[in-house]
Each structure stands twice: as C-alpha cells, then as structure tokens.
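Coordinates from start.cif are shown below (mmCIF, C-alpha atoms).
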```
data_my_file
loop_
_atom_site.label_atom_id
_atom_site.label_comp_id
_atom_site.auth_asym_id
_atom_site.auth_seq_id
_atom_site.Cartn_x
_atom_site.Cartn_y
_atom_site.Cartn_z
CA TYR F 1 131.10 32.21 148.22
CA THR F 2 134.07 32.52 150.59
CA MET F 3 132.78 30.16 153.24
CA MET F 4 134.12 26.63 153.01
CA PRO F 5 133.84 24.28 150.01
CA LEU F 6 130.89 21.97 150.66
CA LEU F 7 127.85 24.05 149.68
CA PRO F 8 128.16 23.57 145.88
CA ILE F 9 128.57 19.81 146.36
CA LEU F 10 125.59 19.46 148.69
CA GLN F 11 123.48 21.73 146.50
CA ALA F 12 124.28 19.86 143.30
CA PRO F 13 121.43 17.29 143.50
CA LEU F 14 118.88 20.05 144.08
CA LEU F 15 120.29 22.27 141.33
CA ALA F 16 120.24 19.32 138.94
CA TYR F 17 116.48 19.38 139.48
CA THR F 18 115.83 23.14 139.71
CA GLY F 19 118.45 24.29 137.21
CA PHE F 20 121.37 26.68 137.80
CA SER F 21 119.89 30.16 137.74
CA LEU F 22 118.77 32.75 140.28
CA SER F 23 115.29 31.25 140.37
CA GLY F 24 116.76 27.74 140.51
CA LEU F 25 119.00 28.66 143.44
CA ARG F 26 116.07 30.25 145.27
CA LEU F 27 113.87 27.21 144.70
CA ALA F 28 116.65 24.93 146.00
CA MET F 29 117.01 27.07 149.13
CA ILE F 30 113.24 27.21 149.68
CA LEU F 31 113.16 23.40 149.57
CA THR F 32 116.13 23.24 151.97
CA SER F 33 114.50 25.70 154.38
CA SER F 34 111.19 23.81 154.23
CA LEU F 35 112.98 20.57 155.09
CA ALA F 36 114.70 22.34 157.99
CA LEU F 37 111.31 23.46 159.29
CA LEU F 38 110.04 19.85 159.21
CA VAL F 39 113.18 18.64 161.00
CA ALA F 40 112.74 21.37 163.60
CA TYR F 41 109.14 20.40 164.25
CA SER F 42 110.15 16.74 164.69
CA MET F 43 112.64 17.89 167.35
CA THR F 44 110.01 19.67 169.46
CA ARG F 45 107.60 17.94 171.82
CA ARG F 46 105.01 18.37 169.05
CA ARG F 47 102.54 20.46 170.96
CA GLY F 48 100.33 23.06 169.34
CA ALA F 49 102.20 25.95 170.93
CA ASP F 50 105.51 24.54 169.62
CA CYS F 51 104.19 24.76 166.08
CA LEU F 52 103.19 28.38 166.64
CA LEU F 53 106.64 29.13 168.06
CA LEU F 54 108.40 27.68 165.00
CA LEU F 55 106.14 29.71 162.69
CA LEU F 56 107.73 32.86 164.08
CA LEU F 57 110.70 32.38 161.73
CA PRO F 58 108.99 31.74 158.35
CA LEU F 59 106.68 34.68 159.12
CA ALA F 60 109.69 36.97 159.59
CA PRO F 61 110.14 38.25 156.00
CA TYR F 62 113.55 39.89 156.42
CA ALA F 63 115.17 36.83 158.02
CA THR F 64 113.40 34.38 155.72
CA SER F 65 114.54 36.27 152.63
CA PHE F 66 118.13 35.27 153.44
CA LEU F 67 117.08 31.64 153.77
CA CYS F 68 115.63 31.72 150.25
CA ILE F 69 118.57 33.08 148.25
CA GLY F 70 121.68 31.36 146.95
CA LYS F 71 123.78 31.84 150.08
CA THR F 72 124.97 29.44 152.76
CA TYR F 73 122.31 30.16 155.38
CA ALA F 74 119.59 27.62 154.49
CA MET F 75 121.95 24.65 154.14
CA ALA F 76 123.89 25.63 157.27
CA GLN F 77 120.62 25.89 159.23
CA LEU F 78 119.49 22.43 158.09
CA LEU F 79 122.82 20.76 158.88
CA LEU F 80 123.01 22.40 162.32
CA LEU F 81 119.52 21.08 163.13
CA LEU F 82 120.44 17.59 161.91
CA SER F 83 123.59 17.64 164.04
CA ALA F 84 121.56 18.65 167.09
CA ALA F 85 119.03 15.89 166.34
CA ALA F 86 121.69 13.38 167.46
CA PHE F 87 120.44 13.93 171.01
CA LEU F 88 116.97 12.73 170.03
CA ILE F 89 117.35 9.92 167.48
CA PRO F 90 116.46 6.41 168.73
CA ALA F 91 119.96 4.95 168.67
CA GLY F 92 122.88 4.10 170.91
CA SER F 93 125.45 6.63 172.09
CA ARG F 94 128.03 5.63 169.44
CA ILE F 95 125.62 6.08 166.54
CA ARG F 96 124.48 9.37 168.05
CA LEU F 97 128.07 10.58 168.28
CA LEU F 98 128.77 9.65 164.66
CA TRP F 99 125.54 11.39 163.62
CA LEU F 100 126.35 14.59 165.53
CA CYS F 101 129.93 14.74 164.22
CA PHE F 102 129.03 13.94 160.61
CA PHE F 103 126.38 16.62 160.25
CA GLY F 104 128.37 19.01 162.45
CA VAL F 105 131.42 18.76 160.17
CA LEU F 106 129.16 19.26 157.15
CA ALA F 107 127.65 22.37 158.77
CA VAL F 108 131.10 23.87 159.38
CA GLY F 109 132.12 22.74 155.89
CA VAL F 110 129.29 24.87 154.50
CA ARG F 111 129.66 27.89 156.77
CA LEU F 112 132.71 28.40 158.98
CA THR F 113 130.85 30.42 161.62
CA MET F 114 128.71 27.42 162.57
CA GLY F 115 131.75 26.21 164.50
CA PRO F 116 130.90 27.69 167.93
CA SER F 117 127.38 26.19 167.94
CA VAL F 118 128.60 22.79 166.78
CA GLY F 119 131.28 22.99 169.49
CA VAL F 120 128.63 23.56 172.17
CA LEU F 121 126.68 20.53 170.93
CA GLY F 122 129.85 18.45 171.03
CA LEU F 123 130.76 19.53 174.56
CA ALA F 124 127.23 18.83 175.79
CA PHE F 125 127.33 15.38 174.19
CA TRP F 126 130.68 14.64 175.84
CA TRP F 127 129.28 15.70 179.23
CA LEU F 128 126.20 13.53 178.78
CA TYR F 129 128.06 10.40 177.67
CA ARG F 130 131.52 10.87 179.21
CA LYS F 131 131.12 7.82 181.45
CA GLU F 132 129.55 5.62 178.79
CA LEU F 133 131.99 6.08 175.91
CA ARG F 134 135.75 5.50 175.92
CA TRP F 135 137.83 8.60 175.33
CA THR F 136 138.95 7.31 171.92
CA TRP F 137 135.40 7.74 170.61
CA PHE F 138 135.71 11.47 171.15
CA LEU F 139 138.40 11.58 168.46
CA THR F 140 135.53 11.07 165.98
CA PRO F 141 135.10 14.77 165.10
CA PHE F 142 138.77 15.14 164.24
CA ILE F 143 138.79 11.97 162.12
CA LEU F 144 135.63 12.97 160.23
CA THR F 145 136.99 16.47 159.70
CA MET F 146 140.11 15.04 158.09
CA LEU F 147 138.10 12.60 155.95
CA ILE F 148 135.58 15.17 154.74
CA LEU F 149 137.61 18.38 154.52
CA GLY F 150 141.12 16.91 154.28
CA PRO F 151 141.05 16.39 150.50
CA PHE F 152 140.20 20.07 149.97
CA VAL F 153 143.02 21.15 152.27
CA PHE F 154 145.74 18.92 150.89
CA SER F 155 144.89 19.45 147.21
CA ASP F 156 146.10 23.06 147.58
CA PRO F 157 146.72 24.22 151.18
CA ALA F 158 147.45 27.84 150.24
CA LEU F 159 144.27 28.13 148.18
CA PHE F 160 142.14 26.51 150.89
CA LEU F 161 143.54 28.64 153.72
CA PHE F 162 143.10 31.88 151.78
CA TRP F 163 139.49 31.38 150.68
CA ASN F 164 138.22 29.56 153.77
CA TRP F 165 140.16 31.33 156.51
CA LYS F 166 142.16 34.45 155.67
CA TYR F 167 139.64 36.05 153.32
CA HIS F 168 136.70 35.11 155.52
CA ILE F 169 138.27 36.17 158.82
CA ALA F 170 139.10 39.55 157.25
CA THR F 171 135.34 40.27 157.22
CA LEU F 172 134.79 39.14 160.81
CA ILE F 173 135.90 42.21 162.74
CA PRO F 174 134.05 44.52 165.15
CA ARG F 175 133.14 47.00 162.44
CA HIS F 176 129.40 47.36 162.62
CA THR F 177 127.73 49.73 160.22
CA HIS F 178 125.72 52.66 161.57
CA ASN F 179 122.42 50.84 161.01
CA TYR F 180 123.62 47.41 162.20
CA TRP F 181 121.57 47.18 165.39
CA SER F 182 118.37 48.52 163.85
CA SER F 183 118.83 46.02 161.01
CA LEU F 184 119.34 43.22 163.55
CA LEU F 185 116.16 44.16 165.40
CA SER F 186 114.15 44.31 162.19
CA PHE F 187 115.27 40.86 161.09
CA ALA F 188 112.79 38.88 163.11
CA PRO F 189 110.90 41.03 165.65
CA GLY F 190 108.28 38.34 166.21
CA VAL F 191 110.99 35.79 167.02
CA TYR F 192 112.45 38.12 169.62
CA ILE F 193 109.08 38.80 171.28
CA GLY F 194 108.15 35.13 171.40
CA SER F 195 111.61 34.16 172.64
CA VAL F 196 111.60 36.75 175.43
CA GLY F 197 108.20 35.49 176.52
CA GLY F 198 109.45 31.92 176.49
CA LEU F 199 112.58 32.80 178.45
CA CYS F 200 110.48 34.58 181.08
CA LEU F 201 108.35 31.44 181.44
CA LEU F 202 111.51 29.36 181.72
CA VAL F 203 112.82 31.52 184.56
CA ASN F 204 109.48 31.46 186.35
CA ASN F 205 108.99 27.72 186.03
CA GLY F 206 112.60 26.72 186.59
CA LYS F 207 112.16 23.57 184.51
CA LYS F 208 115.30 21.55 183.77
CA GLU F 209 115.57 19.97 180.34
CA PHE F 210 119.14 19.18 179.31
CA VAL F 211 118.59 18.67 175.59
CA GLY F 212 116.42 21.75 175.09
CA THR F 213 118.82 23.85 177.15
CA THR F 214 121.72 22.58 175.02
CA PHE F 215 119.93 23.61 171.82
CA LEU F 216 119.14 27.03 173.25
CA VAL F 217 122.71 27.62 174.47
CA ALA F 218 124.19 26.41 171.16
CA ALA F 219 122.00 28.85 169.23
CA LEU F 220 122.74 31.74 171.59
CA VAL F 221 126.50 31.09 171.44
CA GLY F 222 126.34 31.15 167.64
CA ILE F 223 124.30 34.36 167.64
CA VAL F 224 126.53 36.15 170.17
CA ALA F 225 129.71 35.04 168.39
CA ASN F 226 128.45 36.41 165.08
CA ILE F 227 127.05 39.62 166.58
CA SER F 228 130.40 40.24 168.26
CA VAL F 229 132.56 40.04 165.15
CA GLY F 230 130.24 40.05 162.13
CA ILE F 231 129.64 43.11 160.02
CA TYR F 232 126.26 41.95 158.69
CA ALA F 233 123.16 41.29 160.81
CA GLU F 234 122.15 38.44 158.50
CA TYR F 235 124.89 36.25 160.06
CA VAL F 236 122.51 35.31 162.91
CA VAL F 237 119.92 33.72 160.59
CA PRO F 238 121.11 30.06 160.63
CA PHE F 239 120.85 29.88 164.43
CA LEU F 240 117.32 31.17 164.96
CA LEU F 241 115.43 27.95 164.25
CA LEU F 242 117.60 25.84 166.56
CA GLY F 243 117.03 28.43 169.28
CA LEU F 244 113.26 28.20 168.81
CA VAL F 245 113.45 24.39 169.00
CA GLY F 246 115.41 24.61 172.24
CA LEU F 247 112.97 27.13 173.65
CA SER F 248 110.01 24.93 172.74
CA ARG F 249 111.49 22.05 174.73
CA VAL F 250 112.25 23.95 177.92
CA VAL F 251 109.12 26.08 178.23
CA ILE F 252 106.04 25.02 180.16
CA TRP F 253 103.30 26.69 178.16
CA ASN F 254 100.54 28.67 179.82
CA ARG F 255 98.19 31.39 178.64
CA ILE F 256 100.79 34.13 179.05
CA GLY F 257 103.39 32.24 177.02
CA LYS F 258 100.95 31.39 174.25
CA GLY F 259 99.73 34.98 174.25
CA LEU F 260 103.27 36.31 173.78
CA VAL F 261 103.86 33.90 170.88
CA ILE F 262 100.62 35.06 169.26
CA VAL F 263 101.72 38.69 169.76
CA GLY F 264 105.00 37.76 168.08
CA LEU F 265 103.12 36.25 165.14
CA VAL F 266 100.99 39.38 164.80
CA VAL F 267 104.08 41.61 164.92
CA SER F 268 105.72 39.45 162.24
CA CYS F 269 102.70 39.85 159.99
CA LEU F 270 102.68 43.61 160.58
CA CYS F 271 106.38 43.87 159.70
CA PHE F 272 106.26 42.52 156.17
CA HIS F 273 107.24 45.99 154.99
CA LEU F 274 110.68 45.33 156.52
CA ALA F 275 111.47 42.79 153.79
CA PRO F 276 114.44 43.75 151.59
CA ASP F 277 113.86 46.11 148.70
CA GLU F 278 113.39 44.16 145.47
CA LYS F 279 114.50 47.01 143.19
CA SER F 280 118.04 45.62 142.89
CA CYS F 281 116.62 42.21 141.96
CA GLU F 282 114.40 43.80 139.33
CA SER F 283 117.39 45.68 137.91
CA ALA F 284 119.39 42.45 137.75
CA ARG F 285 116.53 40.70 135.93
CA ASP F 286 116.21 43.61 133.49
CA ALA F 287 119.95 43.48 132.79
CA ALA F 288 119.77 39.70 132.30
CA MET F 289 116.91 40.10 129.82
CA PHE F 290 118.94 42.73 127.95
CA LEU F 291 121.90 40.34 127.75
CA LYS F 292 119.70 37.55 126.43
CA ALA F 293 118.31 39.79 123.74
CA HIS F 294 121.66 41.20 122.55
CA THR F 295 124.17 38.35 123.01
CA LYS F 296 124.57 34.72 122.02
CA ALA F 297 124.61 31.82 124.49
CA THR F 298 128.39 31.41 124.06
CA ASP F 299 129.26 35.10 124.50
CA VAL F 300 131.50 35.78 127.50
CA VAL F 301 130.39 38.52 129.91
CA LEU F 302 132.53 40.53 132.34
CA ALA F 303 130.39 41.50 135.33
CA THR F 304 130.72 42.99 138.80
CA MET F 305 127.42 41.26 139.59
CA PRO F 306 127.80 37.62 138.46
CA GLU F 307 124.09 37.07 139.11
CA VAL F 308 123.28 38.90 135.87
CA PRO F 309 125.14 36.67 133.37
CA ILE F 310 124.17 33.59 135.40
CA GLU F 311 120.49 34.49 135.08
CA ALA F 312 121.01 35.22 131.39
CA GLY F 313 122.73 31.86 130.87
CA ARG F 314 125.97 33.46 129.69
CA PRO F 315 129.50 32.38 130.69
CA LEU F 316 131.45 34.65 133.05
CA TYR F 317 134.77 36.18 132.10
CA LYS F 318 137.62 34.24 133.74
CA ASN F 319 137.18 33.85 137.52
CA LEU F 320 134.77 36.70 138.26
CA VAL F 321 132.35 34.33 139.98
CA MET F 322 132.33 36.65 143.00
CA GLY F 323 132.13 39.88 141.06
CA LYS F 324 134.20 42.70 142.52
CA PHE F 325 135.31 40.48 145.41
CA THR F 326 137.45 38.50 142.96
CA LEU F 327 139.39 41.64 142.08
CA ASN F 328 142.67 42.00 143.99
CA ALA F 329 145.17 44.84 143.71
CA GLU F 330 147.15 44.10 146.88
CA MET F 331 149.07 40.94 145.93
CA SER F 332 151.49 40.15 143.15
CA ASP F 333 150.01 39.09 139.84
CA LYS F 334 151.41 35.58 140.32
CA ALA F 335 149.77 35.18 143.74
CA VAL F 336 146.47 36.61 142.50
CA HIS F 337 146.33 34.22 139.56
CA HIS F 338 147.24 31.25 141.77
CA LEU F 339 144.31 32.13 144.02
CA LYS F 340 142.06 32.14 140.92
CA MET F 341 141.42 35.87 141.16
CA VAL F 342 141.98 38.72 138.70
CA THR F 343 143.99 41.93 138.84
CA PRO F 344 142.79 45.38 137.75
CA GLY F 345 145.22 45.03 134.86
CA ASP F 346 143.44 41.86 133.74
CA VAL F 347 140.11 43.69 133.65
CA VAL F 348 141.49 46.72 131.79
CA SER F 349 143.30 44.48 129.31
CA ALA F 350 140.17 42.38 128.73
CA ILE F 351 138.01 45.44 128.04
CA GLN F 352 140.62 47.01 125.74
CA SER F 353 141.03 43.78 123.77
CA ARG F 354 137.26 43.24 123.72
CA ALA F 355 137.71 39.71 125.08
CA PRO F 356 134.29 39.80 126.75
CA VAL F 357 131.40 40.53 124.40
CA ALA F 358 129.56 42.51 127.09
CA VAL F 359 130.39 44.29 130.34
CA VAL F 360 127.88 44.55 133.19
CA TRP F 361 128.86 47.16 135.76
CA SER F 362 126.65 47.76 138.78
CA THR F 363 126.75 51.14 140.50
CA ALA F 364 125.99 49.34 143.77
CA TYR F 365 129.30 47.49 143.44
CA SER F 366 131.46 50.12 141.81
CA ASP F 367 133.25 51.49 144.86
#
```
So, in terms of structure tokens, how does the structure I just supplied come out?
Amino acid sequence: YTMMPLLPILQAPLLAYTGFSLSGLRLAMILTSSLALLVAYSMTRRRGADCLLLLLLPLAPYATSFLCIGKTYAMAQLLLLLSAAAFLIPAGSRIRLLWLCFFGVLAVGVRLTMGPSVGVLGLAFWWLYRKELRWTWFLTPFILTMLILGPFVFSDPALFLFWNWKYHIATLIPRHTHNYWSSLLSFAPGVYIGSVGGLCLLVNNGKKEFVGTTFLVAALVGIVANISVGIYAEYVVPFLLLGLVGLSRVVIWNRIGKGLVIVGLVVSCLCFHLAPDEKSCESARDAAMFLKAHTKATDVVLATMPEVPIEAGRPLYKNLVMGKFTLNAEMSDKAVHHLKMVTPGDVVSAIQSRAPVAVVWSTAYSD
C-alpha cells in the first residue's frame, strides 16, 4: 500500500510458504500477530493477570480483524514490540541501542505512523543511558535509517517521496467521518475497560516502573497522534498491544483490577457482533470464482478491487495494484506514468481496445 517500502520484503518469506492470495496474506498476518502476542507475553512480568490483560486484544474481533488482513498493521505491531524489547533483553547498552534502532527503523519502514512511538522509545533510551554511552552512539538511528531506507530513496527520490510521504500525508488530516468516534469505541471495548481499570490502579498505587511507563507512553503517543490526524479508526490498532504490555508492568494487581480485566474479557466476548461485515469479502470471492471459471490463467484483468484478480490468480492490468487509488487525473500524463499510476484516458483506451480480457468494477469503489 502507500506506507513505506519494507512490508513486501519482510512478508516475502511468509508468503513463499502461504502463497500469494487473500487467504495466503491472511494466514501470514495471523502468524505475524500470533508471534507478536508471544513477544508481548515475554515482555510482561509473566503473571496470570498479565496473560488475561493481553487476551483483551485477540478477543476484540473488530481490532483483530485488521491484524489478520493483508495490511501493514500486524507487521508494524510486531516490529514496534521488538523495538521496545530492547529495554528488556539481557545485553549491554550498546547492543540494546542497536536492537531498538534496527527494529524501530523497520517499524517505520513498514508503516510511517509508527514514528512517534518509536521516537518516544528512543528518547526514553537516551534518558536512561545518556551518561553511559558517548553521544556518537546516538547517531545510530540516523545511520541505520540511511542504510535500510537509503537505497529506496536514492533509487528514485521523486517516486519515494510521493508514495511514502506526499500521498500518505494527504490522508492524514483532521477529517473524521461522522461515525469515526463510535467506530473507535467499538474497536476494542474490552481493551478500554481493562486499561481504564489498570490506570486507576496505577494512580492509586503510585508505583514507579520506568520501562512499563515508557511502553505505555509510547503507545498512547502513537494512538493520540493517529486519532488527531487519521481519518480511519483502524490506525490505532498497532499500538494497542504495546500499551497493554506497558500497563501490565506498571500495575499492582488486586481483586478490583483483576475484576475489571475479567469484565473487559466478558464485554469483548459479548461484542463479537461488532466484527466487520463479511458480505464484501463474500462478493470478492464470488467474483474471483467467476473469473476463474471464465478466463485463462494468463488473461489480464482490469479491476478497481485488485483483491479479486489476485484471489483468482489472474494478472492485473498495468499498475492497478491499488485499484482506484492508482488512478490519477490531477497530474500530467508524463508525471502519472513516472509514478507508476494510470490516467482515466489509459483506462478508457484499455477498455475500448479490449486490452484486458475482463473488467471488475466494484460499486463500493466507483465514486
């Protein structure tokens, strides 16, 4: 998608095993999310209540659904957790810094909006080790950023800046839809209940735990930053698990706290009806089956929903890998083609010349 170039590279080993299809992508993301859950548990104090607290996320169907589809959320969540784990690994400060920066750069290289949370982790690490490490060591994030992302930038700066900055930032504006806040609340109601209970315990007990507090602040900064400028409630998903890990480390559990977590679990189970409607997925599968039955494996398909020809195992027409989002009528034809997009004229010409064997047009994406 439009968010940084590393996801396809990091996904490649998993997709080589699962296969490149909608089901293959979902299986890869389920495996990634499961690994993230194991990493999260290893970062807690490994008490029974901590395990219950972490279960609040996988039992939130709406939030979990976005961690199990072919988007950036699952991989970004895992890499953010691994970056935060630098505070806990049994190693010296230099190795910990390299660990934090490496996985932090990968997280941002998968999803740009992980930046604020990774920044909080970096600042906390600097504060913790500012007297132990020479200042030159804190150039590590900049060096790793250049080594990892530099080749993508310098291979075509204009292309990189458009897809990873200009196009993405254009969607990050305070333009919430009318149902944004209700959608946000329905994402993970059990997580919110358990978290509020944990925060109340934290205030009452006044316990100081630097690492757990850092995790909690990093997650909250990421959530607030995305709520402030994001147009979709799903943007908060990659930060929830790190927040729960931080909460688990700072809370002193008692009966009230455990009771609130159990209430959160019950609410999560009662809210399974809030999971996304699967009708669009069923329609996409039906369309894919139709394509399989009426086209050959080499037949090119023009589609506003690229998921359909991908599921059918058919090649996409030109660069319509993002469906309607690849269509651009605002720039010159030369600029559009350089950015590997298509113009309306390209689409009309293709249909008139019958270049694609089939056309898949979704009413949900026809505006």
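Candidate residues F:Ile30, F:Val217, F:Leu123, F:Leu79 were compared for distance to Leu97 in chain F, and the nearest is F:Leu123, using only C-alpha atoms.
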Reference answer for the PyMOL selection byres ((chain F and resi 349-361) around 6), as a list in words: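 Applied to this file, the PyMOL selection byres ((chain F and resi 349-361) around 6) returns Asp299, Val300, Val301, Leu302, Ala303, Thr304, Gly345, Asp346, Val347, Val348 and Ser362 of chain F.
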Ground truth for the PyMOL selection byres ((chain F and resi 37) around 9), written as a VMD selection string: chain F and resid 32 to 36 38 to 42 54 to 55 58 78 241
Selection result for the PyMOL selection byres ((chain F and resi 20) around 12) on this file, as a PyMOL selection string: chain F and resi 8+11-19+21-28+70+307+309-314
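In this comparison, which uses only C-alpha atoms, the residue of F:Arg111, F:Arg45, F:Gln77, F:Trp137 approaching Leu240 in chain F most closely is F:Gln77.
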Test item: residues at most 7 Å from Leu67 in chain F, all atoms listed in the file, excluding those fewer than 6 positions along its chain, as JSON, numbers by chain: {"F": [29, 33, 73, 74]}
Residue with smallest distance to Ile89 in chain F - pool F:Leu112, F:Val211, F:Ile9, F:Ala124, counting all atoms listed in the file: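 Between F:Leu112, F:Val211, F:Ile9, F:Ala124, the residue approaching Ile89 in chain F most closely is F:Val211.
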Length of the CA of Leu128 in chain F to CA of Phe87 in chain F vector [Å]: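 Computed distance, CA of Leu128 in chain F to CA of Phe87 in chain F, equals 9.7 Å.
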Selection near Thr213 in chain F, 8 Å with only C-alpha atoms, sequence-local residues under 4 positions removed, as a ChimeraX atom specification: /F:208-209,217,246-247,249-250
Which residue of F:Leu147, F:Cys51, F:Val221, F:Ala288 approaches Val245 in chain F most closely, using all atoms listed in the file: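 Under the stated criterion, the closest residue is F:Cys51.
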Hey, could you make a per-residue contact list for range 52-170 of chain F against range 319-343 of chain F with 12 Å as the cut-off, showing the nearest pair of atoms and its distance in Å to one decimal, counting only C-alpha atoms, sorted by chain and number, as JSON lines?
```
{"residue": "F:Asp156", "atom": "CA", "partner": "F:Leu339", "partner_atom": "CA", "distance": 9.9}
{"residue": "F:Pro157", "atom": "CA", "partner": "F:Leu339", "partner_atom": "CA", "distance": 10.9}
{"residue": "F:Ala158", "atom": "CA", "partner": "F:Leu339", "partner_atom": "CA", "distance": 8.2}
{"residue": "F:Leu159", "atom": "CA", "partner": "F:Leu339", "partner_atom": "CA", "distance": 5.8}
{"residue": "F:Phe160", "atom": "CA", "partner": "F:Leu339", "partner_atom": "CA", "distance": 9.1}
{"residue": "F:Leu161", "atom": "CA", "partner": "F:Leu339", "partner_atom": "CA", "distance": 10.3}
{"residue": "F:Phe162", "atom": "CA", "partner": "F:Leu339", "partner_atom": "CA", "distance": 7.9}
{"residue": "F:Trp163", "atom": "CA", "partner": "F:Leu339", "partner_atom": "CA", "distance": 8.3}
{"residue": "F:Asn164", "atom": "CA", "partner": "F:Leu339", "partner_atom": "CA", "distance": 11.8}
{"residue": "F:Tyr167", "atom": "CA", "partner": "F:Phe325", "partner_atom": "CA", "distance": 10.0}
{"residue": "F:His168", "atom": "CA", "partner": "F:Phe325", "partner_atom": "CA", "distance": 11.5}
```
